[in-house]
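A.B. asks: Structure file query-v4.txt, compact mmCIF, N, CA and C atoms, is pasted below:
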```txt
# COMPACT_ATOMS: atom_id res chain seq x y z
N MET A 1 -3.80 -4.23 -11.53
CA MET A 1 -3.02 -3.09 -11.98
C MET A 1 -3.75 -1.79 -11.65
N LYS A 2 -5.08 -1.80 -11.73
CA LYS A 2 -5.84 -0.60 -11.38
C LYS A 2 -5.58 -0.19 -9.94
N PHE A 3 -5.46 -1.21 -9.06
CA PHE A 3 -5.20 -0.94 -7.66
C PHE A 3 -3.90 -0.16 -7.48
N ILE A 4 -2.87 -0.58 -8.20
CA ILE A 4 -1.56 0.08 -8.10
C ILE A 4 -1.68 1.53 -8.54
N ILE A 5 -2.34 1.78 -9.65
CA ILE A 5 -2.48 3.14 -10.17
C ILE A 5 -3.23 4.01 -9.18
N VAL A 6 -4.31 3.51 -8.61
CA VAL A 6 -5.09 4.28 -7.65
C VAL A 6 -4.27 4.54 -6.39
N PHE A 7 -3.57 3.51 -5.91
CA PHE A 7 -2.78 3.65 -4.69
C PHE A 7 -1.67 4.68 -4.86
N VAL A 8 -0.97 4.62 -5.98
CA VAL A 8 0.11 5.58 -6.25
C VAL A 8 -0.46 6.98 -6.41
N ALA A 9 -1.61 7.10 -7.06
CA ALA A 9 -2.24 8.42 -7.22
C ALA A 9 -2.62 9.01 -5.87
N LEU A 10 -3.18 8.20 -4.98
CA LEU A 10 -3.54 8.68 -3.64
C LEU A 10 -2.30 9.08 -2.84
N PHE A 11 -1.24 8.31 -3.00
CA PHE A 11 0.02 8.63 -2.33
C PHE A 11 0.54 9.98 -2.83
N ALA A 12 0.46 10.22 -4.13
CA ALA A 12 0.93 11.48 -4.70
C ALA A 12 0.10 12.65 -4.19
N VAL A 13 -1.20 12.47 -4.07
CA VAL A 13 -2.07 13.54 -3.56
C VAL A 13 -1.72 13.83 -2.10
N ALA A 14 -1.50 12.77 -1.32
CA ALA A 14 -1.13 12.96 0.08
C ALA A 14 0.19 13.72 0.21
N MET A 15 1.13 13.41 -0.64
CA MET A 15 2.42 14.07 -0.62
C MET A 15 2.33 15.52 -1.05
N ALA A 16 1.39 15.85 -1.90
CA ALA A 16 1.25 17.22 -2.38
C ALA A 16 0.82 18.16 -1.26
N GLY A 17 0.27 17.64 -0.19
CA GLY A 17 -0.22 18.47 0.91
C GLY A 17 0.88 19.13 1.72
N ASN A 18 2.08 18.59 1.75
CA ASN A 18 3.16 19.15 2.55
C ASN A 18 4.44 19.20 1.72
N PRO A 19 4.80 20.38 1.23
CA PRO A 19 5.99 20.49 0.38
C PRO A 19 7.29 20.22 1.12
N GLU A 20 7.26 20.17 2.46
CA GLU A 20 8.46 19.91 3.25
C GLU A 20 8.82 18.43 3.27
N VAL A 21 7.89 17.56 2.93
CA VAL A 21 8.13 16.12 2.98
C VAL A 21 8.96 15.68 1.77
N GLN A 22 9.99 14.91 2.06
CA GLN A 22 10.88 14.42 1.01
C GLN A 22 10.73 12.91 0.88
N ILE A 23 10.89 12.40 -0.32
CA ILE A 23 10.91 10.96 -0.53
C ILE A 23 12.29 10.45 -0.12
N VAL A 24 12.32 9.53 0.84
CA VAL A 24 13.56 8.98 1.36
C VAL A 24 13.94 7.73 0.59
N LYS A 25 12.94 6.93 0.25
CA LYS A 25 13.19 5.68 -0.46
C LYS A 25 12.02 5.39 -1.39
N GLN A 26 12.35 4.97 -2.59
CA GLN A 26 11.30 4.58 -3.54
C GLN A 26 11.90 3.52 -4.47
N VAL A 27 11.37 2.32 -4.36
CA VAL A 27 11.84 1.20 -5.15
C VAL A 27 10.63 0.50 -5.74
N SER A 28 10.70 0.17 -7.02
CA SER A 28 9.60 -0.59 -7.62
C SER A 28 10.15 -1.54 -8.68
N ASP A 29 9.47 -2.64 -8.80
CA ASP A 29 9.80 -3.65 -9.80
C ASP A 29 8.47 -4.18 -10.33
N VAL A 30 8.16 -3.85 -11.56
CA VAL A 30 6.89 -4.24 -12.15
C VAL A 30 7.15 -5.18 -13.31
N GLY A 31 6.57 -6.35 -13.23
CA GLY A 31 6.69 -7.34 -14.29
C GLY A 31 5.32 -7.63 -14.89
N PRO A 32 5.26 -8.49 -15.89
CA PRO A 32 3.99 -8.79 -16.54
C PRO A 32 2.99 -9.52 -15.64
N GLU A 33 3.50 -10.26 -14.64
CA GLU A 33 2.58 -11.02 -13.79
C GLU A 33 2.81 -10.77 -12.29
N SER A 34 3.64 -9.77 -11.97
CA SER A 34 3.88 -9.47 -10.57
C SER A 34 4.44 -8.06 -10.41
N PHE A 35 4.43 -7.57 -9.18
CA PHE A 35 5.03 -6.27 -8.88
C PHE A 35 5.45 -6.24 -7.42
N GLU A 36 6.36 -5.34 -7.12
CA GLU A 36 6.79 -5.04 -5.75
C GLU A 36 7.13 -3.57 -5.69
N TYR A 37 6.80 -2.92 -4.60
CA TYR A 37 7.26 -1.55 -4.42
C TYR A 37 7.36 -1.20 -2.95
N VAL A 38 8.23 -0.25 -2.67
CA VAL A 38 8.43 0.28 -1.33
C VAL A 38 8.61 1.79 -1.48
N ALA A 39 7.97 2.54 -0.61
CA ALA A 39 8.15 3.99 -0.59
C ALA A 39 8.18 4.45 0.86
N GLU A 40 9.07 5.40 1.13
CA GLU A 40 9.21 5.94 2.47
C GLU A 40 9.47 7.43 2.36
N THR A 41 8.87 8.20 3.24
CA THR A 41 9.05 9.65 3.20
C THR A 41 9.64 10.16 4.52
N SER A 42 10.12 11.37 4.49
CA SER A 42 10.79 11.96 5.65
C SER A 42 9.86 12.22 6.83
N ASP A 43 8.56 12.20 6.62
CA ASP A 43 7.62 12.42 7.73
C ASP A 43 7.21 11.12 8.42
N GLY A 44 7.84 10.00 8.06
CA GLY A 44 7.54 8.72 8.71
C GLY A 44 6.53 7.87 7.98
N THR A 45 6.02 8.35 6.86
CA THR A 45 5.07 7.56 6.08
C THR A 45 5.84 6.46 5.35
N TYR A 46 5.27 5.26 5.36
CA TYR A 46 5.92 4.11 4.74
C TYR A 46 4.84 3.26 4.08
N GLU A 47 5.15 2.72 2.92
CA GLU A 47 4.24 1.78 2.29
C GLU A 47 5.03 0.77 1.48
N ALA A 48 4.53 -0.44 1.48
CA ALA A 48 5.16 -1.52 0.73
C ALA A 48 4.06 -2.47 0.27
N ALA A 49 4.22 -3.02 -0.91
CA ALA A 49 3.24 -3.98 -1.42
C ALA A 49 3.90 -4.88 -2.45
N SER A 50 3.35 -6.06 -2.57
CA SER A 50 3.75 -6.97 -3.62
C SER A 50 2.50 -7.70 -4.09
N GLY A 51 2.49 -8.02 -5.35
CA GLY A 51 1.33 -8.70 -5.90
C GLY A 51 1.73 -9.63 -7.02
N HIS A 52 0.87 -10.58 -7.27
CA HIS A 52 1.12 -11.52 -8.36
C HIS A 52 -0.21 -11.93 -8.98
N LEU A 53 -0.13 -12.33 -10.21
CA LEU A 53 -1.31 -12.75 -10.97
C LEU A 53 -1.63 -14.19 -10.63
N GLU A 54 -2.87 -14.44 -10.27
CA GLU A 54 -3.32 -15.80 -9.98
C GLU A 54 -4.25 -16.27 -11.09
N ASN A 55 -4.20 -17.55 -11.37
CA ASN A 55 -5.06 -18.17 -12.40
C ASN A 55 -4.91 -17.49 -13.75
N ALA A 56 -3.67 -17.21 -14.13
CA ALA A 56 -3.40 -16.52 -15.39
C ALA A 56 -4.03 -17.24 -16.58
N GLY A 57 -4.69 -16.48 -17.41
CA GLY A 57 -5.28 -17.01 -18.63
C GLY A 57 -6.63 -17.68 -18.44
N SER A 58 -7.09 -17.76 -17.21
CA SER A 58 -8.38 -18.41 -16.97
C SER A 58 -9.47 -17.36 -16.78
N GLU A 59 -10.67 -17.83 -16.66
CA GLU A 59 -11.82 -16.95 -16.42
C GLU A 59 -11.72 -16.29 -15.03
N HIS A 60 -10.95 -16.90 -14.13
CA HIS A 60 -10.84 -16.41 -12.76
C HIS A 60 -9.51 -15.70 -12.51
N GLU A 61 -8.91 -15.16 -13.56
CA GLU A 61 -7.66 -14.43 -13.44
C GLU A 61 -7.85 -13.23 -12.52
N ALA A 62 -6.92 -13.07 -11.57
CA ALA A 62 -7.01 -11.95 -10.62
C ALA A 62 -5.63 -11.67 -10.06
N ILE A 63 -5.47 -10.48 -9.51
CA ILE A 63 -4.21 -10.13 -8.87
C ILE A 63 -4.41 -10.24 -7.36
N ALA A 64 -3.45 -10.83 -6.68
CA ALA A 64 -3.46 -10.93 -5.23
C ALA A 64 -2.34 -10.02 -4.70
N VAL A 65 -2.69 -9.17 -3.75
CA VAL A 65 -1.74 -8.18 -3.24
C VAL A 65 -1.62 -8.32 -1.72
N LYS A 66 -0.39 -8.23 -1.22
CA LYS A 66 -0.12 -8.15 0.21
C LYS A 66 0.70 -6.89 0.42
N GLY A 67 0.39 -6.18 1.49
CA GLY A 67 1.17 -4.98 1.73
C GLY A 67 0.90 -4.38 3.08
N SER A 68 1.51 -3.24 3.29
CA SER A 68 1.31 -2.49 4.52
C SER A 68 1.59 -1.02 4.26
N TYR A 69 1.03 -0.19 5.11
CA TYR A 69 1.35 1.23 5.07
C TYR A 69 1.26 1.77 6.49
N SER A 70 2.05 2.78 6.77
CA SER A 70 2.03 3.39 8.09
C SER A 70 2.27 4.88 7.97
N TRP A 71 1.85 5.58 8.99
CA TRP A 71 2.03 7.02 9.04
C TRP A 71 2.08 7.44 10.51
N VAL A 72 2.58 8.63 10.74
CA VAL A 72 2.68 9.18 12.08
C VAL A 72 1.71 10.34 12.17
N ASP A 73 0.84 10.30 13.17
CA ASP A 73 -0.11 11.39 13.39
C ASP A 73 0.67 12.63 13.79
N GLU A 74 0.54 13.70 13.03
CA GLU A 74 1.36 14.88 13.30
C GLU A 74 0.98 15.60 14.59
N LYS A 75 -0.23 15.39 15.10
CA LYS A 75 -0.63 16.05 16.35
C LYS A 75 -0.17 15.27 17.58
N THR A 76 -0.31 13.94 17.53
CA THR A 76 0.00 13.12 18.71
C THR A 76 1.35 12.41 18.63
N GLY A 77 1.90 12.27 17.42
CA GLY A 77 3.14 11.54 17.24
C GLY A 77 2.95 10.03 17.22
N GLU A 78 1.70 9.59 17.32
CA GLU A 78 1.41 8.16 17.33
C GLU A 78 1.56 7.57 15.93
N LYS A 79 2.19 6.39 15.87
CA LYS A 79 2.38 5.73 14.58
C LYS A 79 1.25 4.72 14.37
N PHE A 80 0.66 4.75 13.20
CA PHE A 80 -0.41 3.83 12.81
C PHE A 80 0.10 2.95 11.67
N THR A 81 -0.20 1.67 11.74
CA THR A 81 0.21 0.74 10.70
C THR A 81 -0.98 -0.13 10.29
N VAL A 82 -1.13 -0.31 9.00
CA VAL A 82 -2.16 -1.19 8.45
C VAL A 82 -1.46 -2.22 7.58
N GLU A 83 -1.74 -3.48 7.85
CA GLU A 83 -1.29 -4.57 6.98
C GLU A 83 -2.53 -5.07 6.25
N TYR A 84 -2.38 -5.45 5.00
CA TYR A 84 -3.57 -5.86 4.25
C TYR A 84 -3.26 -6.94 3.24
N VAL A 85 -4.33 -7.61 2.85
CA VAL A 85 -4.34 -8.54 1.74
C VAL A 85 -5.51 -8.11 0.87
N ALA A 86 -5.29 -8.08 -0.42
CA ALA A 86 -6.37 -7.77 -1.36
C ALA A 86 -6.34 -8.88 -2.42
N ASP A 87 -7.39 -9.68 -2.44
CA ASP A 87 -7.43 -10.80 -3.37
C ASP A 87 -8.87 -11.11 -3.73
N GLU A 88 -9.15 -12.35 -4.11
CA GLU A 88 -10.50 -12.71 -4.53
C GLU A 88 -11.51 -12.58 -3.40
N ASN A 89 -11.03 -12.46 -2.16
CA ASN A 89 -11.91 -12.28 -1.00
C ASN A 89 -12.09 -10.81 -0.61
N GLY A 90 -11.56 -9.90 -1.42
CA GLY A 90 -11.70 -8.48 -1.15
C GLY A 90 -10.51 -7.89 -0.41
N TYR A 91 -10.67 -6.67 0.05
CA TYR A 91 -9.64 -5.94 0.78
C TYR A 91 -9.79 -6.29 2.26
N GLN A 92 -8.71 -6.80 2.87
CA GLN A 92 -8.76 -7.26 4.26
C GLN A 92 -7.68 -6.58 5.08
N PRO A 93 -7.99 -5.41 5.63
CA PRO A 93 -6.99 -4.68 6.43
C PRO A 93 -6.95 -5.16 7.87
N LYS A 94 -5.76 -5.05 8.49
CA LYS A 94 -5.58 -5.35 9.90
C LYS A 94 -4.68 -4.27 10.50
N GLY A 95 -5.06 -3.82 11.67
CA GLY A 95 -4.25 -2.82 12.38
C GLY A 95 -4.73 -2.71 13.81
N ALA A 96 -3.83 -2.38 14.71
CA ALA A 96 -4.18 -2.27 16.12
C ALA A 96 -5.27 -1.23 16.36
N HIS A 97 -5.36 -0.22 15.52
CA HIS A 97 -6.32 0.85 15.68
C HIS A 97 -7.64 0.58 14.95
N LEU A 98 -7.73 -0.53 14.21
CA LEU A 98 -8.95 -0.87 13.46
C LEU A 98 -9.85 -1.79 14.27
N PRO A 99 -11.16 -1.61 14.20
CA PRO A 99 -12.08 -2.50 14.92
C PRO A 99 -12.06 -3.91 14.31
N VAL A 100 -12.28 -4.90 15.15
CA VAL A 100 -12.34 -6.29 14.72
C VAL A 100 -13.76 -6.79 14.87
N ALA A 101 -14.25 -7.47 13.83
CA ALA A 101 -15.64 -7.97 13.88
C ALA A 101 -15.77 -9.11 14.86
```
Take the structure I supplied and represent it as structure tokens, if you would.

C.D. replies:
Amino acid sequence: MKFIIVFVALFAVAMAGNPEVQIVKQVSDVGPESFEYVAETSDGTYEAASGHLENAGSEHEAIAVKGSYSWVDEKTGEKFTVEYVADENGYQPKGAHLPVA
């Protein structure tokens, strides 16, 4: 849940930088053991994520999240996309513009 709060807060800060950007789509569904959300803005920024609680009630209880976000570079017009998984193995981003080990 902390991840969601931080992610939404960062999204809000990013949006505050350009008053011309409008929210085109915003959908969320938050339950006690899962969540889903999608947000899209008029500048081409898009983000989507879903997560669920794993090992509920155990010592190893954790949330597993899958999602993606993309944006368009305002100088070059190039679109960047990051797909990620965040789970017991940490944050694992993938994108054509990211280096691979």

A.B. asks: Tell me, as a list in words, which residues lie within 9 Å of stretch 91-100 of chain A, counting only C-alpha atoms; anything in the same chain fewer than 4 positions away does not count.

C.D. replies: Ser68, Phe80, Thr81, Val82, Glu83, Tyr84, Val85, Ala86 and Asp87 of chain A

A.B. asks: Return the single residue from A:Lys25, A:Asn55, A:Val72, A:Ile63 that is closest to A:Thr41, with distances computed using all atoms listed in the file.

C.D. replies: A:Lys25

A.B. asks: To one decimal place, how far is atom CA of A:Glu47 from atom CA of A:Asp73 in Å?

C.D. replies: 15.3 Å

A.B. asks: DSSP says strand (DSSP E or B) for which residues of chain A? Put them as a PyMOL selection string?

C.D. replies: chain A and resi 23-30+34-41+46-54+62-72+79-87+90-94

A.B. asks: Tell me, in Å to one decimal, how far atom C of A:Ser34 is from atom N of A:Gly51.

C.D. replies: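 For atom C of A:Ser34 relative to atom N of A:Gly51, the distance reads 5.4 Å.
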
A.B. asks: Looking only at the backbone, which of the residues in chain A does DSSP tag as helix (DSSP H, G or I), as a list of chain:residue names?

C.D. replies: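 Residues of chain A classed as helix (DSSP H, G or I): A:Lys2, A:Phe3, A:Ile4, A:Ile5, A:Val6, A:Phe7, A:Val8, A:Ala9, A:Leu10, A:Phe11, A:Ala12, A:Val13, A:Ala14, A:Met15, A:Ala16.
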
A.B. asks: Just the selected residues (N, CA and C atoms), exported as a CSV table (one decimal), keeping the file's coordinate frame, please.

C.D. replies:
```csv
chain,number,residue,atom,x,y,z
A,2,LYS,N,-5.1,-1.8,-11.7
A,2,LYS,CA,-5.8,-0.6,-11.4
A,2,LYS,C,-5.6,-0.2,-9.9
A,3,PHE,N,-5.5,-1.2,-9.1
A,3,PHE,CA,-5.2,-0.9,-7.7
A,3,PHE,C,-3.9,-0.2,-7.5
A,4,ILE,N,-2.9,-0.6,-8.2
A,4,ILE,CA,-1.6,0.1,-8.1
A,4,ILE,C,-1.7,1.5,-8.5
A,5,ILE,N,-2.3,1.8,-9.6
A,5,ILE,CA,-2.5,3.1,-10.2
A,5,ILE,C,-3.2,4.0,-9.2
A,6,VAL,N,-4.3,3.5,-8.6
A,6,VAL,CA,-5.1,4.3,-7.6
A,6,VAL,C,-4.3,4.5,-6.4
A,7,PHE,N,-3.6,3.5,-5.9
A,7,PHE,CA,-2.8,3.6,-4.7
A,7,PHE,C,-1.7,4.7,-4.9
A,8,VAL,N,-1.0,4.6,-6.0
A,8,VAL,CA,0.1,5.6,-6.2
A,8,VAL,C,-0.5,7.0,-6.4
A,9,ALA,N,-1.6,7.1,-7.1
A,9,ALA,CA,-2.2,8.4,-7.2
A,9,ALA,C,-2.6,9.0,-5.9
A,10,LEU,N,-3.2,8.2,-5.0
A,10,LEU,CA,-3.5,8.7,-3.6
A,10,LEU,C,-2.3,9.1,-2.8
A,11,PHE,N,-1.2,8.3,-3.0
A,11,PHE,CA,0.0,8.6,-2.3
A,11,PHE,C,0.5,10.0,-2.8
A,12,ALA,N,0.5,10.2,-4.1
A,12,ALA,CA,0.9,11.5,-4.7
A,12,ALA,C,0.1,12.6,-4.2
A,13,VAL,N,-1.2,12.5,-4.1
A,13,VAL,CA,-2.1,13.5,-3.6
A,13,VAL,C,-1.7,13.8,-2.1
A,14,ALA,N,-1.5,12.8,-1.3
A,14,ALA,CA,-1.1,13.0,0.1
A,14,ALA,C,0.2,13.7,0.2
A,15,MET,N,1.1,13.4,-0.6
A,15,MET,CA,2.4,14.1,-0.6
A,15,MET,C,2.3,15.5,-1.0
A,16,ALA,N,1.4,15.8,-1.9
A,16,ALA,CA,1.2,17.2,-2.4
A,16,ALA,C,0.8,18.2,-1.3
```

A.B. asks: Hey, can I get the axis-aligned box for stretch 28-31 of chain A? All listed atoms, 3 Å padding on each side, centre and edge lengths in Å to one decimal, as lines of an AutoDock Vina configuration file.

C.D. replies:
```
center_x = 8.0
center_y = -3.7
center_z = -11.0
size_x = 11.4
size_y = 13.8
size_z = 13.9
```

A.B. asks: Which is closer to A:Ala49 than all the others in A:Phe35, A:Glu61, A:Ala101, A:Gln26, using only N, CA and C atoms?

C.D. replies: A:Phe35

A.B. asks: Could you check how far atom CA of A:Glu36 sits from atom CA of A:Glu59, in Å to one decimal?

C.D. replies: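 Going from atom CA of A:Glu36 over to atom CA of A:Glu59 covers 24.5 Å.
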
A.B. asks: Would you be able to write out as a compact mmCIF listing (two decimals) with N, CA and C atoms, in the coordinates of the input which residues have an atom within 10 Å of (9.6, 6.9, 9.9) in the file's coordinates, counting only C-alpha atoms?

C.D. replies:
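Saved file point22.txt follows:
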```txt
# COMPACT_ATOMS: atom_id res chain seq x y z
N VAL A 24 12.32 9.53 0.84
CA VAL A 24 13.56 8.98 1.36
C VAL A 24 13.94 7.73 0.59
N GLU A 40 9.07 5.40 1.13
CA GLU A 40 9.21 5.94 2.47
C GLU A 40 9.47 7.43 2.36
N THR A 41 8.87 8.20 3.24
CA THR A 41 9.05 9.65 3.20
C THR A 41 9.64 10.16 4.52
N SER A 42 10.12 11.37 4.49
CA SER A 42 10.79 11.96 5.65
C SER A 42 9.86 12.22 6.83
N ASP A 43 8.56 12.20 6.62
CA ASP A 43 7.62 12.42 7.73
C ASP A 43 7.21 11.12 8.42
N GLY A 44 7.84 10.00 8.06
CA GLY A 44 7.54 8.72 8.71
C GLY A 44 6.53 7.87 7.98
N THR A 45 6.02 8.35 6.86
CA THR A 45 5.07 7.56 6.08
C THR A 45 5.84 6.46 5.35
N TYR A 46 5.27 5.26 5.36
CA TYR A 46 5.92 4.11 4.74
C TYR A 46 4.84 3.26 4.08
N SER A 70 2.05 2.78 6.77
CA SER A 70 2.03 3.39 8.09
C SER A 70 2.27 4.88 7.97
N TRP A 71 1.85 5.58 8.99
CA TRP A 71 2.03 7.02 9.04
C TRP A 71 2.08 7.44 10.51
N VAL A 72 2.58 8.63 10.74
CA VAL A 72 2.68 9.18 12.08
C VAL A 72 1.71 10.34 12.17
N LYS A 79 2.19 6.39 15.87
CA LYS A 79 2.38 5.73 14.58
C LYS A 79 1.25 4.72 14.37
```

A.B. asks: Residues proximal to (-3.4, -13.0, -13.7) were defined as those with any atom within 9 Å of that point in the file's coordinates, counting only C-alpha atoms. Which are they, as a PyMOL selection string?

C.D. replies: chain A and resi 32-34+52-58+60-64

A.B. asks: Env of A:Tyr37: 6 Å cut, atoms = only N, CA and C atoms, seq-sep filter 4 positions within chain, self excluded. Answer as a CSV table (one decimal) with N, CA and C atoms, in the frame of the given file.

C.D. replies:
```
chain,number,residue,atom,x,y,z
A,27,VAL,N,11.4,2.3,-4.4
A,27,VAL,CA,11.8,1.2,-5.2
A,27,VAL,C,10.6,0.5,-5.7
A,28,SER,N,10.7,0.2,-7.0
A,28,SER,CA,9.6,-0.6,-7.6
A,28,SER,C,10.2,-1.5,-8.7
A,29,ASP,N,9.5,-2.6,-8.8
A,29,ASP,CA,9.8,-3.6,-9.8
A,29,ASP,C,8.5,-4.2,-10.3
A,47,GLU,N,5.2,2.7,2.9
A,47,GLU,CA,4.2,1.8,2.3
A,47,GLU,C,5.0,0.8,1.5
A,48,ALA,N,4.5,-0.4,1.5
A,48,ALA,CA,5.2,-1.5,0.7
A,48,ALA,C,4.1,-2.5,0.3
A,49,ALA,N,4.2,-3.0,-0.9
A,49,ALA,CA,3.2,-4.0,-1.4
A,49,ALA,C,3.9,-4.9,-2.4
A,50,SER,N,3.4,-6.1,-2.6
A,50,SER,CA,3.8,-7.0,-3.6
A,50,SER,C,2.5,-7.7,-4.1
```
